[in-house]
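Structure data follow from target-v9.txt (compact mmCIF, C-alpha atoms and all ligand atoms):
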# COMPACT_ATOMS: atom_id res chain seq x y z
CA MET A 1 -103.98 83.30 128.39
CA LYS A 2 -105.55 82.65 131.75
CA LYS A 3 -108.44 84.89 130.92
CA ASN A 4 -109.02 83.01 127.68
CA THR A 5 -108.94 79.71 129.50
CA LEU A 6 -111.49 81.02 131.96
CA LEU A 7 -113.68 82.26 129.15
CA ILE A 8 -113.50 78.90 127.42
CA ALA A 9 -114.28 77.16 130.69
CA SER A 10 -117.33 79.31 131.36
CA ALA A 11 -118.51 78.88 127.76
CA LEU A 12 -118.21 75.15 128.24
CA SER A 13 -120.17 75.14 131.48
CA LEU A 14 -122.78 77.37 129.86
CA SER A 15 -123.23 74.91 127.01
CA LEU A 16 -123.43 72.08 129.54
CA LEU A 17 -126.09 74.03 131.40
CA ILE A 18 -128.03 74.64 128.20
CA ASN A 19 -127.85 70.95 127.41
CA GLU A 20 -129.19 70.20 130.84
CA ILE A 21 -132.04 72.66 130.46
CA LYS A 22 -132.86 71.15 127.10
CA ALA A 23 -132.71 67.60 128.44
CA GLN A 24 -134.92 65.28 126.50
CA ASP A 25 -138.20 64.00 127.84
CA THR A 26 -138.92 60.34 127.24
CA ILE A 27 -142.41 59.06 126.50
CA PRO A 28 -142.76 55.28 126.81
CA LEU A 29 -145.48 53.72 124.67
CA ILE A 30 -147.47 50.56 125.27
CA ILE A 31 -149.13 49.60 122.01
CA HIS A 32 -152.21 47.41 122.42
CA ILE A 33 -152.72 45.61 119.12
CA VAL A 34 -156.37 44.57 118.99
CA HIS A 35 -157.05 41.97 116.29
CA ASN A 36 -159.65 39.39 115.36
CA ALA A 37 -157.85 36.05 115.79
CA LYS A 38 -155.38 37.02 113.06
CA PRO A 39 -151.92 35.46 112.83
CA MET A 40 -149.08 37.86 113.59
CA GLY A 41 -148.33 39.97 110.52
CA THR A 42 -151.88 39.68 109.15
CA GLY A 43 -154.58 42.35 109.15
CA ALA A 44 -154.66 44.47 112.28
CA ASN A 45 -152.23 42.09 114.02
CA ILE A 46 -149.31 43.97 112.48
CA ALA A 47 -145.75 42.68 112.59
CA GLN A 48 -143.30 43.87 115.20
CA ALA A 49 -141.18 45.47 112.45
CA GLN A 50 -144.10 47.68 111.41
CA VAL A 51 -144.70 48.70 115.02
CA MET A 52 -141.05 49.62 115.45
CA SER A 53 -140.88 51.54 112.16
CA GLN A 54 -142.98 54.34 113.70
CA PHE A 55 -140.44 55.26 116.38
CA PRO A 56 -137.69 56.78 114.21
CA ILE A 57 -140.33 58.74 112.29
CA LEU A 58 -141.81 60.25 115.47
CA ASN A 59 -138.39 60.99 116.90
CA ALA A 60 -137.14 62.69 113.75
CA ASP A 61 -140.35 64.69 113.31
CA PHE A 62 -140.39 65.87 116.94
CA ALA A 63 -136.71 66.83 116.67
CA GLY A 64 -137.38 68.98 113.61
CA GLN A 65 -135.34 66.61 111.46
CA GLY A 66 -137.99 64.59 109.66
CA TRP A 67 -138.51 63.69 106.03
CA ASN A 68 -138.84 66.74 103.71
CA VAL A 69 -138.11 69.29 106.46
CA GLY A 70 -135.55 70.71 104.04
CA ASN A 71 -138.51 71.89 101.94
CA VAL A 72 -139.55 74.45 104.57
CA PRO A 73 -139.32 77.80 102.77
CA ALA A 74 -136.45 80.04 103.90
CA VAL A 75 -138.83 82.60 105.42
CA TRP A 76 -140.10 79.96 107.90
CA ALA A 77 -136.93 77.90 108.40
CA PRO A 78 -136.07 79.70 111.68
CA LEU A 79 -139.47 78.62 113.04
CA VAL A 80 -138.77 74.85 112.79
CA GLY A 81 -138.92 73.54 116.37
CA ASN A 82 -137.14 70.74 118.21
CA ALA A 83 -139.41 69.38 120.96
CA ASN A 84 -136.65 67.43 122.73
CA ILE A 85 -139.13 64.60 123.19
CA VAL A 86 -138.17 60.99 122.52
CA PHE A 87 -140.66 58.18 122.07
CA VAL A 88 -139.57 54.70 123.14
CA PRO A 89 -141.27 51.33 123.54
CA ALA A 90 -141.99 50.27 127.12
CA LEU A 91 -139.86 47.27 128.08
CA VAL A 92 -141.71 46.06 131.16
CA ASP A 93 -145.36 45.50 131.99
CA THR A 94 -147.22 46.98 134.96
CA SER A 95 -145.81 44.32 137.31
CA GLY A 96 -142.25 44.81 136.12
CA THR A 97 -142.00 41.72 133.92
CA LEU A 98 -140.08 41.93 130.66
CA LEU A 99 -142.42 42.19 127.67
CA ALA A 100 -142.19 39.44 125.05
CA GLU A 101 -142.02 42.19 122.40
CA PRO A 102 -140.87 45.71 123.32
CA GLY A 103 -143.81 48.11 123.59
CA ILE A 104 -146.40 45.59 122.43
CA GLU A 105 -149.41 43.83 123.93
CA ARG A 106 -151.33 41.68 121.43
CA ILE A 107 -154.99 41.08 122.22
CA ASP A 108 -157.32 38.74 120.35
CA GLU A 109 -160.60 40.64 120.78
CA GLY A 110 -162.63 37.43 121.06
CA SER A 111 -160.65 36.38 124.12
CA ARG A 112 -161.97 39.50 125.89
CA GLY A 113 -165.49 39.28 124.54
CA TRP A 114 -164.98 42.39 122.38
CA SER A 115 -166.11 42.84 118.81
CA ILE A 116 -165.05 45.92 116.86
CA PRO A 117 -167.80 46.67 114.31
CA ASN A 118 -167.09 47.60 110.66
CA ASP A 119 -168.97 50.89 110.93
CA VAL A 120 -166.38 53.47 111.90
CA MET A 121 -168.48 55.39 114.43
CA GLN A 122 -169.66 52.17 116.10
CA ALA A 123 -166.06 50.93 116.12
CA ARG A 124 -164.98 54.12 117.84
CA GLN A 125 -167.71 53.71 120.47
CA GLU A 126 -166.65 50.10 121.17
CA ILE A 127 -163.02 51.22 121.54
CA GLU A 128 -163.88 54.18 123.79
CA ASN A 129 -166.43 52.45 126.02
CA VAL A 130 -165.16 48.87 126.17
CA VAL A 131 -161.67 48.31 124.78
CA LYS A 132 -159.89 51.28 126.38
CA PRO A 133 -161.23 50.97 129.94
CA GLN A 134 -160.63 47.20 129.93
CA SER A 135 -157.11 47.26 128.52
CA ILE A 136 -155.48 50.55 129.49
CA TRP A 137 -152.19 50.34 131.38
CA ASP A 138 -151.62 52.86 134.16
CA PRO A 139 -151.76 56.14 132.21
CA THR A 140 -149.59 57.84 134.82
CA ARG A 141 -146.73 55.51 133.78
CA TYR A 142 -147.42 54.66 130.12
CA CYS A 143 -148.67 56.46 127.07
CA ASN A 144 -151.32 54.07 125.75
CA VAL A 145 -151.78 53.42 122.03
CA TRP A 146 -154.36 51.13 120.48
CA ILE A 147 -154.00 49.76 116.96
CA ALA A 148 -157.11 48.21 115.49
CA ASP A 149 -159.03 47.43 112.33
CA ILE A 150 -160.62 50.88 112.11
CA SER A 151 -160.32 53.36 109.24
CA ILE A 152 -159.42 56.43 111.31
CA SER A 153 -156.80 57.61 113.78
CA TYR A 154 -157.46 59.97 116.68
CA ALA A 155 -156.07 61.04 120.05
CA THR A 156 -157.40 62.38 123.33
CA MET A 157 -156.48 65.94 124.29
CA PRO A 158 -155.33 66.55 127.89
CA ASN A 159 -158.14 66.82 130.46
CA THR A 160 -160.93 66.03 128.01
CA VAL A 161 -161.63 62.41 128.97
CA PRO A 162 -161.53 60.26 132.11
CA PRO A 163 -158.10 58.69 132.75
CA THR A 164 -159.39 55.29 131.58
CA LYS A 165 -159.70 56.66 128.04
CA ASP A 166 -156.40 58.54 127.82
CA GLY A 167 -154.39 57.71 124.72
CA LEU A 168 -154.27 57.35 120.96
CA VAL A 169 -156.02 55.08 118.46
CA PHE A 170 -154.68 54.19 115.03
CA SER A 171 -155.81 52.33 112.00
CA TYR A 172 -153.30 49.51 111.52
CA GLN A 173 -152.68 51.00 108.06
CA MET A 174 -151.67 54.39 109.54
CA TRP A 175 -148.93 53.24 111.93
CA GLY A 176 -145.34 53.01 110.73
CA ASP A 177 -144.18 53.06 107.13
CA ILE A 178 -143.73 49.44 106.09
CA LEU A 179 -145.77 46.28 105.50
CA ALA A 180 -149.49 47.01 106.12
CA ALA A 181 -149.04 50.81 106.18
CA ALA A 182 -151.05 52.04 103.19
CA GLY A 183 -152.37 54.99 101.22
CA PRO A 184 -151.26 58.64 101.34
CA PHE A 185 -150.88 58.20 105.13
CA ARG A 186 -148.34 55.39 104.87
CA HIS A 187 -145.33 57.42 105.99
CA GLY A 188 -146.08 57.60 109.70
CA ARG A 189 -147.26 61.20 109.87
CA SER A 190 -150.73 60.37 111.20
CA ALA A 191 -148.93 59.48 114.42
CA THR A 192 -146.89 62.71 114.45
CA HIS A 193 -150.14 64.69 114.08
CA GLU A 194 -152.01 62.67 116.73
CA PHE A 195 -149.19 62.90 119.29
CA GLY A 196 -149.35 66.66 118.70
CA HIS A 197 -152.98 66.48 119.88
CA TRP A 198 -152.10 64.21 122.81
CA LEU A 199 -149.62 66.92 123.81
CA GLY A 200 -152.31 69.57 123.70
CA LEU A 201 -151.98 71.07 120.21
CA THR A 202 -155.07 72.04 118.23
CA HIS A 203 -155.40 72.35 114.46
CA LEU A 204 -154.36 75.43 112.55
CA GLN A 205 -157.23 77.85 111.97
CA ASN A 206 -158.45 77.99 108.39
CA ASN A 207 -159.38 81.66 108.34
CA CYS A 208 -157.70 85.03 108.46
CA GLY A 209 -157.99 85.34 112.23
CA PRO A 210 -155.18 84.64 114.69
CA GLN A 211 -153.68 81.13 114.84
CA PRO A 212 -153.78 79.09 118.08
CA ILE A 213 -150.02 79.61 118.60
CA ALA A 214 -148.57 83.05 118.03
CA ASP A 215 -145.71 82.10 115.70
CA ILE A 216 -147.93 80.23 113.21
CA PRO A 217 -148.46 82.53 110.22
CA VAL A 218 -151.95 83.75 109.46
CA GLY A 219 -153.36 82.05 106.38
CA GLN A 220 -156.45 80.61 104.78
CA TYR A 221 -156.35 77.62 102.49
CA ASN A 222 -158.37 75.03 100.66
CA TYR A 223 -157.01 71.77 101.97
CA MET A 224 -159.37 69.57 99.95
CA GLN A 225 -157.23 70.44 96.92
CA TRP A 226 -154.13 69.12 98.62
CA LEU A 227 -155.15 65.48 98.27
CA MET A 228 -155.24 66.01 94.52
CA ALA A 229 -151.95 67.90 94.21
CA SER A 230 -149.25 68.83 96.69
CA PRO A 231 -149.30 72.52 97.62
CA VAL A 232 -146.32 74.61 96.52
CA PHE A 233 -145.09 77.61 98.53
CA PRO A 234 -146.56 80.21 98.53
CA ASP A 235 -149.91 78.44 98.39
CA ALA A 236 -153.07 80.57 98.57
CA ALA A 237 -150.82 83.62 98.72
CA ASN A 238 -152.61 86.82 99.70
CA ALA A 239 -155.83 84.98 100.65
CA CYS A 240 -155.55 87.05 103.81
CA SER A 241 -154.66 90.63 103.12
CA GLY A 242 -151.19 91.51 104.30
CA TYR A 243 -149.99 87.85 104.42
CA PRO A 244 -148.35 87.19 101.05
CA ASP A 245 -146.72 83.93 102.17
CA GLY A 246 -150.05 82.15 102.52
CA PRO A 247 -150.82 79.43 105.07
CA MET A 248 -148.18 77.23 106.68
CA PHE A 249 -149.48 74.19 104.81
CA MET A 250 -146.48 72.05 105.84
CA ASN A 251 -147.38 72.24 109.55
CA PHE A 252 -148.07 68.85 111.18
CA MET A 253 -151.23 70.28 112.77
CA ILE A 254 -153.14 71.27 109.66
CA PRO A 255 -156.46 69.37 109.62
CA ALA A 256 -155.67 65.83 108.52
CA TRP A 257 -156.43 66.06 104.82
CA SER A 258 -152.93 66.34 103.45
CA ASN A 259 -150.49 63.72 102.22
CA ASP A 260 -147.77 62.63 104.61
CA SER A 261 -145.17 63.93 102.17
CA ASP A 262 -146.58 67.48 102.44
CA ILE A 263 -146.42 68.02 106.22
CA TYR A 264 -143.05 68.27 107.97
CA MET A 265 -142.77 70.84 110.77
CA PHE A 266 -143.87 72.02 114.20
CA THR A 267 -143.06 75.65 115.05
CA ASN A 268 -140.99 76.75 118.05
CA GLY A 269 -144.21 78.00 119.62
CA GLN A 270 -145.87 74.63 119.14
CA VAL A 271 -142.98 72.71 120.70
CA ALA A 272 -142.94 75.08 123.69
CA ALA A 273 -146.68 74.47 124.11
CA MET A 274 -146.18 70.69 123.90
CA GLN A 275 -143.38 70.78 126.48
CA GLN A 276 -145.60 72.77 128.84
CA SER A 277 -148.52 70.40 128.29
CA LEU A 278 -146.29 67.38 128.90
CA ALA A 279 -145.09 68.91 132.18
CA ASP A 280 -148.63 69.84 133.23
CA ASN A 281 -150.48 66.67 132.21
CA HIS A 282 -148.15 63.71 131.69
CA ALA A 283 -145.01 64.44 133.71
CA SER A 284 -145.17 61.14 135.60
CA VAL A 285 -145.07 59.21 132.31
CA THR A 286 -141.69 60.74 131.53
CA THR A 287 -140.21 59.54 134.83
CA SER A 288 -141.87 56.11 135.16
CA GLY A 289 -138.77 54.30 133.91
CA VAL A 290 -140.83 51.53 132.28
CA TRP A 291 -138.49 51.64 129.30
CA HIS A 292 -135.61 50.38 131.43
CA THR A 293 -135.13 46.75 132.27
CA THR A 294 -133.64 47.87 135.59
CA SER A 295 -137.23 48.07 136.85
CA LEU A 296 -137.47 44.32 136.19
CA GLN A 297 -138.05 42.00 139.06
CA GLN A 298 -134.83 40.15 139.76
CA THR A 299 -136.31 36.74 140.32
CA GLY A 300 -134.32 34.19 142.15
CA TYR A 301 -130.64 34.71 141.52
CA GLU A 302 -128.30 35.82 144.22
CA GLU A 303 -126.50 38.85 142.90
CA SER A 304 -123.23 37.01 143.21
CA ALA A 305 -124.47 34.22 140.91
CA PHE A 306 -124.76 36.51 137.87
CA PHE A 307 -121.79 38.32 136.39
CA VAL A 308 -121.52 40.18 133.12
CA PHE A 309 -117.96 41.26 132.45
CA PRO A 310 -115.89 43.14 131.56
CA ASN A 311 -118.08 46.19 132.14
CA PRO A 312 -117.50 48.56 130.41
CA THR A 313 -116.60 46.35 127.46
CA LYS A 314 -115.03 46.93 124.05
CA GLY A 315 -117.36 44.33 122.53
CA ASN A 316 -116.51 40.95 124.02
CA VAL A 317 -118.98 40.05 126.78
CA GLN A 318 -118.75 37.15 129.20
CA ILE A 319 -121.76 36.00 131.17
CA ARG A 320 -121.27 33.79 134.17
CA LEU A 321 -124.38 32.31 135.66
CA ASN A 322 -124.70 29.39 138.04
CA VAL A 323 -127.52 27.61 136.25
CA THR A 324 -128.55 24.24 137.57
CA GLY A 325 -129.96 23.10 134.21
CA LYS A 326 -128.06 23.35 130.93
CA ASN A 327 -130.62 25.58 129.18
CA GLY A 328 -130.55 29.34 129.11
CA HIS A 329 -131.88 32.12 126.92
CA ILE A 330 -129.93 35.32 126.38
CA LYS A 331 -131.26 38.59 124.99
CA VAL A 332 -129.40 41.88 124.62
CA PHE A 333 -131.49 45.04 124.19
CA ASN A 334 -130.52 48.55 123.21
CA THR A 335 -132.08 51.50 125.06
CA LEU A 336 -134.89 51.64 122.49
CA GLY A 337 -135.88 48.11 123.46
CA ALA A 338 -134.81 46.54 120.17
CA ILE A 339 -133.27 43.10 120.55
CA ILE A 340 -129.77 43.24 119.10
CA TYR A 341 -128.67 39.76 120.16
CA GLU A 342 -130.64 36.67 121.05
CA LYS A 343 -129.49 33.11 121.63
CA ALA A 344 -130.86 29.97 123.20
CA VAL A 345 -128.02 28.16 124.98
CA THR A 346 -128.48 24.42 125.45
CA ASP A 347 -125.07 23.51 126.81
CA TRP A 348 -124.41 26.12 129.45
CA THR A 349 -121.28 25.24 131.35
CA GLY A 350 -120.60 28.23 133.53
CA THR A 351 -119.48 31.07 131.28
CA TYR A 352 -120.97 32.12 127.96
CA SER A 353 -119.28 34.54 125.52
CA LEU A 354 -120.94 36.83 123.03
CA SER A 355 -119.73 39.70 120.87
CA LEU A 356 -121.30 43.13 120.53
CA SER A 357 -118.56 44.29 118.16
CA GLY A 358 -120.04 46.39 115.40
CA GLU A 359 -122.78 47.80 117.63
CA LYS A 360 -122.80 51.49 118.48
CA SER A 361 -121.17 52.46 121.74
CA GLY A 362 -123.61 53.14 124.57
CA MET A 363 -125.76 51.40 127.13
CA TYR A 364 -127.22 47.92 126.62
CA PHE A 365 -129.15 45.46 128.75
CA VAL A 366 -128.25 41.80 129.01
CA ALA A 367 -131.19 39.62 130.06
CA VAL A 368 -130.75 35.96 130.91
CA MET A 369 -133.58 33.53 131.41
CA ALA A 370 -132.71 30.15 132.89
CA ASP A 371 -134.14 27.71 135.40
CA GLY A 372 -137.43 29.59 135.13
CA LYS A 373 -135.75 32.75 136.43
CA THR A 374 -134.90 36.03 134.76
CA THR A 375 -132.22 38.51 135.51
CA THR A 376 -130.77 41.51 133.73
CA GLN A 377 -127.74 43.73 133.89
CA LYS A 378 -126.79 47.01 132.31
CA ILE A 379 -123.53 47.09 130.38
CA ILE A 380 -121.66 49.90 128.70
CA LEU A 381 -120.13 49.33 125.29
CA GLU A 382 -117.13 51.56 124.58
CA GLU A 383 -115.54 52.47 121.25
ZN ZN A 401 -156.21 66.34 114.10
As structure tokens, how would this structure be written, given the file I've shared?
Amino acid sequence: MKKNTLLIASALSLSLLINEIKAQDTIPLIIHIVHNAKPMGTGANIAQAQVMSQFPILNADFAGQGWNVGNVPAVWAPLVGNANIVFVPALVDTSGTLLAEPGIERIDEGSRGWSIPNDVMQARQEIENVVKPQSIWDPTRYCNVWIADISISYATMPNTVPPTKDGLVFSYQMWGDILAAAGPFRHGRSATHEFGHWLGLTHLQNNCGPQPIADIPVGQYNYMQWLMASPVFPDAANACSGYPDGPMFMNFMIPAWSNDSDIYMFTNGQVAAMQQSLADNHASVTTSGVWHTTSLQQTGYEESAFFVFPNPTKGNVQIRLNVTGKNGHIKVFNTLGAIIYEKAVTDWTGTYSLSLSGEKSGMYFVAVMADGKTTTQKIILEE
């Protein structure tokens, strides 16, 4: 019996160790929405909900659990990779102040003297030479994304551009999967593909030579056909002699001429390459902590003047704050930066109660703004 117990114990610690080795890397995004004096939710000035809709798509795709991944043919199913990378919206700006909207900076181009031309190549030049250098946030702490009225999406590869141009650019119609997202690229896979580039991946080769990553099957294909009709496995079978399965057309890194519904996997080799590239080129982004409100400036309040209790809580939360005025503003965020509770309080009399019952257990941040001051505290919600 003792031996068994020991075995179980060492199996447990081994699985803990494996979990630790496979710890997830977090990539915080700041999304600069560049628009032409458009109201929020119009044109390139896309709604917050559309911005947020991209995150679960990226996170599922990078975990090997995205839409249609069940269609991977059995012969390649063991190759589906989990990158252990999580994308989150930044919560604080470069000076540590809470962002009005998680992960978002909205810029009216006129206010900066910019003008993004209609012609796509001229638009790209304006973005590369003017918009990026003038609006980028510290690329050692944030992954920078620009969304604009441009008809293409593209990303920089590591070590190919000066740091002031590091990041990804998206058509406002190719980000997320709701509202203004449009066309065959309206399911958020342009971003999956472009983040693959940002993490160092190149396209699959369209010839019978070796692929850029060893576990990608050799295959040649005619991707122009795929916009007309979805490929069916095995597509272009035997185009390369000795490779009857044909090309891995469902790989996220095929050249971008396929419908979002038809691409749904990275290979194990690709995720290993992305993890290495992240460690080599963007490691400081994963440890910057700009997705935590704990890096907020605590402005003004004595620690003893702000209590959130009980902590941990089963759902009922009390906030005691010695405000001098009667007005306060409370926001509760989850770890993805989404606001799950918000309330303006106009009759603050010492202690305010709110309920998080019905929310998932885990960590949350309570932010209170009052008397022109802001303060936050972490709380743990238990089952
Ligand atoms: Zn590409």
With only C-alpha atoms and all ligand atoms counted and 12 Å as the cut-off, give the residues of chain A in contact with ligand ZN 401 (chain A), each with its shortest interatomic distance in Å and the pair that gives it, as a Markdown table.
| residue | atom | partner | partner_atom | distance |
| --- | --- | --- | --- | --- |
| A:Ile152 | CA | A:ZN401 | ZN | 10.8 |
| A:Ser153 | CA | A:ZN401 | ZN | 8.8 |
| A:Tyr154 | CA | A:ZN401 | ZN | 7.0 |
| A:Ala155 | CA | A:ZN401 | ZN | 8.0 |
| A:Thr156 | CA | A:ZN401 | ZN | 10.1 |
| A:Met157 | CA | A:ZN401 | ZN | 10.2 |
| A:Leu168 | CA | A:ZN401 | ZN | 11.5 |
| A:Arg189 | CA | A:ZN401 | ZN | 11.2 |
| A:Ser190 | CA | A:ZN401 | ZN | 8.6 |
| A:Ala191 | CA | A:ZN401 | ZN | 10.0 |
| A:Thr192 | CA | A:ZN401 | ZN | 10.0 |
| A:His193 | CA | A:ZN401 | ZN | 6.3 |
| A:Glu194 | CA | A:ZN401 | ZN | 6.2 |
| A:Phe195 | CA | A:ZN401 | ZN | 9.4 |
| A:Gly196 | CA | A:ZN401 | ZN | 8.3 |
| A:His197 | CA | A:ZN401 | ZN | 6.6 |
| A:Trp198 | CA | A:ZN401 | ZN | 9.9 |
| A:Leu199 | CA | A:ZN401 | ZN | 11.7 |
| A:Gly200 | CA | A:ZN401 | ZN | 10.9 |
| A:Leu201 | CA | A:ZN401 | ZN | 8.8 |
| A:Thr202 | CA | A:ZN401 | ZN | 7.1 |
| A:His203 | CA | A:ZN401 | ZN | 6.1 |
| A:Leu204 | CA | A:ZN401 | ZN | 9.4 |
| A:Gln205 | CA | A:ZN401 | ZN | 11.7 |
| A:Asn251 | CA | A:ZN401 | ZN | 11.6 |
| A:Phe252 | CA | A:ZN401 | ZN | 9.0 |
| A:Met253 | CA | A:ZN401 | ZN | 6.5 |
| A:Ile254 | CA | A:ZN401 | ZN | 7.3 |
| A:Pro255 | CA | A:ZN401 | ZN | 5.4 |
| A:Ala256 | CA | A:ZN401 | ZN | 5.6 |
| A:Trp257 | CA | A:ZN401 | ZN | 9.3 |
| A:Ser258 | CA | A:ZN401 | ZN | 11.1 |
Handout entry: 12 Å contact set for Ile339 in chain A, all atoms listed in the file, chain neighbours under 6 positions out, as a ChimeraX atom specification
Key = /A:48-49,52,89,91,99-102,330-333,356,359,364-367
Practice task
Give me, please, the distance in Å between CA of Trp76 in chain A and CA of Trp226 in chain A, quoted to one decimal.
Solution key: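 Between CA of Trp76 in chain A and CA of Trp226 in chain A the gap works out to 20.0 Å.
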Find the nearest atom pair between each residue of range 56-111 of chain A and range 26-29 of chain A for residues within 7 Å, count only C-alpha atoms, give distances in Å to one decimal, sort rows by chain and ascending number, and present the table as CSV.
residue,atom,partner,partner_atom,distance
A:Ile85,CA,A:Thr26,CA,5.9
A:Val86,CA,A:Thr26,CA,4.8
A:Phe87,CA,A:Ile27,CA,4.8
A:Val88,CA,A:Pro28,CA,4.9
A:Pro89,CA,A:Leu29,CA,5.0
A:Ala90,CA,A:Pro28,CA,5.1
A:Gly103,CA,A:Leu29,CA,6.0
Let me see the file: selected residues, C-alpha atoms, as a JSON list (two decimals), in the coordinates of the input.
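Below you can see result-v3.json, which holds the result:
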[["chain", "number", "residue", "atom", "x", "y", "z"],
["A", 85, "ILE", "CA", -139.13, 64.60, 123.19],
["A", 86, "VAL", "CA", -138.17, 60.99, 122.52],
["A", 87, "PHE", "CA", -140.66, 58.18, 122.07],
["A", 88, "VAL", "CA", -139.57, 54.70, 123.14],
["A", 89, "PRO", "CA", -141.27, 51.33, 123.54],
["A", 90, "ALA", "CA", -141.99, 50.27, 127.12],
["A", 103, "GLY", "CA", -143.81, 48.11, 123.59]]
Practice task
Could you tell me how far CA of Met121 in chain A lies from CA of Val145 in chain A, in Å and to one decimal?
Solution key: 18.5 Å
Can I get range 237-257 of chain A with N, CA and C atoms filled in, as a PDB file, in the frame of the given file?
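This went into result-v8.pdb:
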ATOM      1  N   ALA A 237    -151.468  82.358  98.346  1.00  0.00           N
ATOM      2  CA  ALA A 237    -150.820  83.620  98.720  1.00  0.00           C
ATOM      3  C   ALA A 237    -151.843  84.750  98.688  1.00  0.00           C
ATOM      4  N   ASN A 238    -151.740  85.649  99.645  1.00  0.00           N
ATOM      5  CA  ASN A 238    -152.610  86.820  99.700  1.00  0.00           C
ATOM      6  C   ASN A 238    -154.090  86.507  99.925  1.00  0.00           C
ATOM      7  N   ALA A 239    -154.429  85.261 100.316  1.00  0.00           N
ATOM      8  CA  ALA A 239    -155.830  84.980 100.650  1.00  0.00           C
ATOM      9  C   ALA A 239    -156.250  85.819 101.858  1.00  0.00           C
ATOM     10  N   CYS A 240    -155.286  86.121 102.709  1.00  0.00           N
ATOM     11  CA  CYS A 240    -155.550  87.050 103.810  1.00  0.00           C
ATOM     12  C   CYS A 240    -154.719  88.298 103.532  1.00  0.00           C
ATOM     13  N   SER A 241    -155.368  89.420 103.544  1.00  0.00           N
ATOM     14  CA  SER A 241    -154.660  90.630 103.120  1.00  0.00           C
ATOM     15  C   SER A 241    -153.524  90.944 104.076  1.00  0.00           C
ATOM     16  N   GLY A 242    -152.368  91.225 103.501  1.00  0.00           N
ATOM     17  CA  GLY A 242    -151.190  91.510 104.300  1.00  0.00           C
ATOM     18  C   GLY A 242    -150.346  90.287 104.615  1.00  0.00           C
ATOM     19  N   TYR A 243    -150.749  89.079 104.149  1.00  0.00           N
ATOM     20  CA  TYR A 243    -149.990  87.850 104.420  1.00  0.00           C
ATOM     21  C   TYR A 243    -149.646  87.150 103.107  1.00  0.00           C
ATOM     22  N   PRO A 244    -148.661  87.679 102.386  1.00  0.00           N
ATOM     23  CA  PRO A 244    -148.350  87.190 101.050  1.00  0.00           C
ATOM     24  C   PRO A 244    -147.774  85.768 101.033  1.00  0.00           C
ATOM     25  N   ASP A 245    -147.324  85.267 102.179  1.00  0.00           N
ATOM     26  CA  ASP A 245    -146.720  83.930 102.170  1.00  0.00           C
ATOM     27  C   ASP A 245    -147.768  82.806 102.205  1.00  0.00           C
ATOM     28  N   GLY A 246    -149.018  83.183 102.480  1.00  0.00           N
ATOM     29  CA  GLY A 246    -150.050  82.150 102.520  1.00  0.00           C
ATOM     30  C   GLY A 246    -149.947  81.303 103.776  1.00  0.00           C
ATOM     31  N   PRO A 247    -150.777  80.256 103.861  1.00  0.00           N
ATOM     32  CA  PRO A 247    -150.820  79.430 105.070  1.00  0.00           C
ATOM     33  C   PRO A 247    -149.592  78.533 105.202  1.00  0.00           C
ATOM     34  N   MET A 248    -149.296  78.150 106.434  1.00  0.00           N
ATOM     35  CA  MET A 248    -148.180  77.230 106.680  1.00  0.00           C
ATOM     36  C   MET A 248    -148.680  75.799 106.447  1.00  0.00           C
ATOM     37  N   PHE A 249    -148.839  75.468 105.158  1.00  0.00           N
ATOM     38  CA  PHE A 249    -149.480  74.190 104.810  1.00  0.00           C
ATOM     39  C   PHE A 249    -148.653  72.990 105.234  1.00  0.00           C
ATOM     40  N   MET A 250    -147.344  73.194 105.485  1.00  0.00           N
ATOM     41  CA  MET A 250    -146.480  72.050 105.840  1.00  0.00           C
ATOM     42  C   MET A 250    -146.460  71.774 107.337  1.00  0.00           C
ATOM     43  N   ASN A 251    -147.335  72.467 108.103  1.00  0.00           N
ATOM     44  CA  ASN A 251    -147.380  72.240 109.550  1.00  0.00           C
ATOM     45  C   ASN A 251    -148.058  70.904 109.858  1.00  0.00           C
ATOM     46  N   PHE A 252    -147.500  70.160 110.817  1.00  0.00           N
ATOM     47  CA  PHE A 252    -148.070  68.850 111.180  1.00  0.00           C
ATOM     48  C   PHE A 252    -149.514  68.972 111.680  1.00  0.00           C
ATOM     49  N   MET A 253    -149.911  70.158 112.159  1.00  0.00           N
ATOM     50  CA  MET A 253    -151.230  70.280 112.770  1.00  0.00           C
ATOM     51  C   MET A 253    -152.269  70.919 111.840  1.00  0.00           C
ATOM     52  N   ILE A 254    -152.029  70.903 110.534  1.00  0.00           N
ATOM     53  CA  ILE A 254    -153.140  71.270 109.660  1.00  0.00           C
ATOM     54  C   ILE A 254    -154.172  70.151 109.783  1.00  0.00           C
ATOM     55  N   PRO A 255    -155.462  70.444 109.544  1.00  0.00           N
ATOM     56  CA  PRO A 255    -156.460  69.370 109.620  1.00  0.00           C
ATOM     57  C   PRO A 255    -156.032  68.228 108.691  1.00  0.00           C
ATOM     58  N   ALA A 256    -156.323  66.996 109.109  1.00  0.00           N
ATOM     59  CA  ALA A 256    -155.670  65.830 108.520  1.00  0.00           C
ATOM     60  C   ALA A 256    -156.177  65.470 107.126  1.00  0.00           C
ATOM     61  N   TRP A 257    -156.018  66.356 106.180  1.00  0.00           N
ATOM     62  CA  TRP A 257    -156.430  66.060 104.820  1.00  0.00           C
ATOM     63  C   TRP A 257    -155.294  66.225 103.834  1.00  0.00           C
TER      64      TRP A 257
END
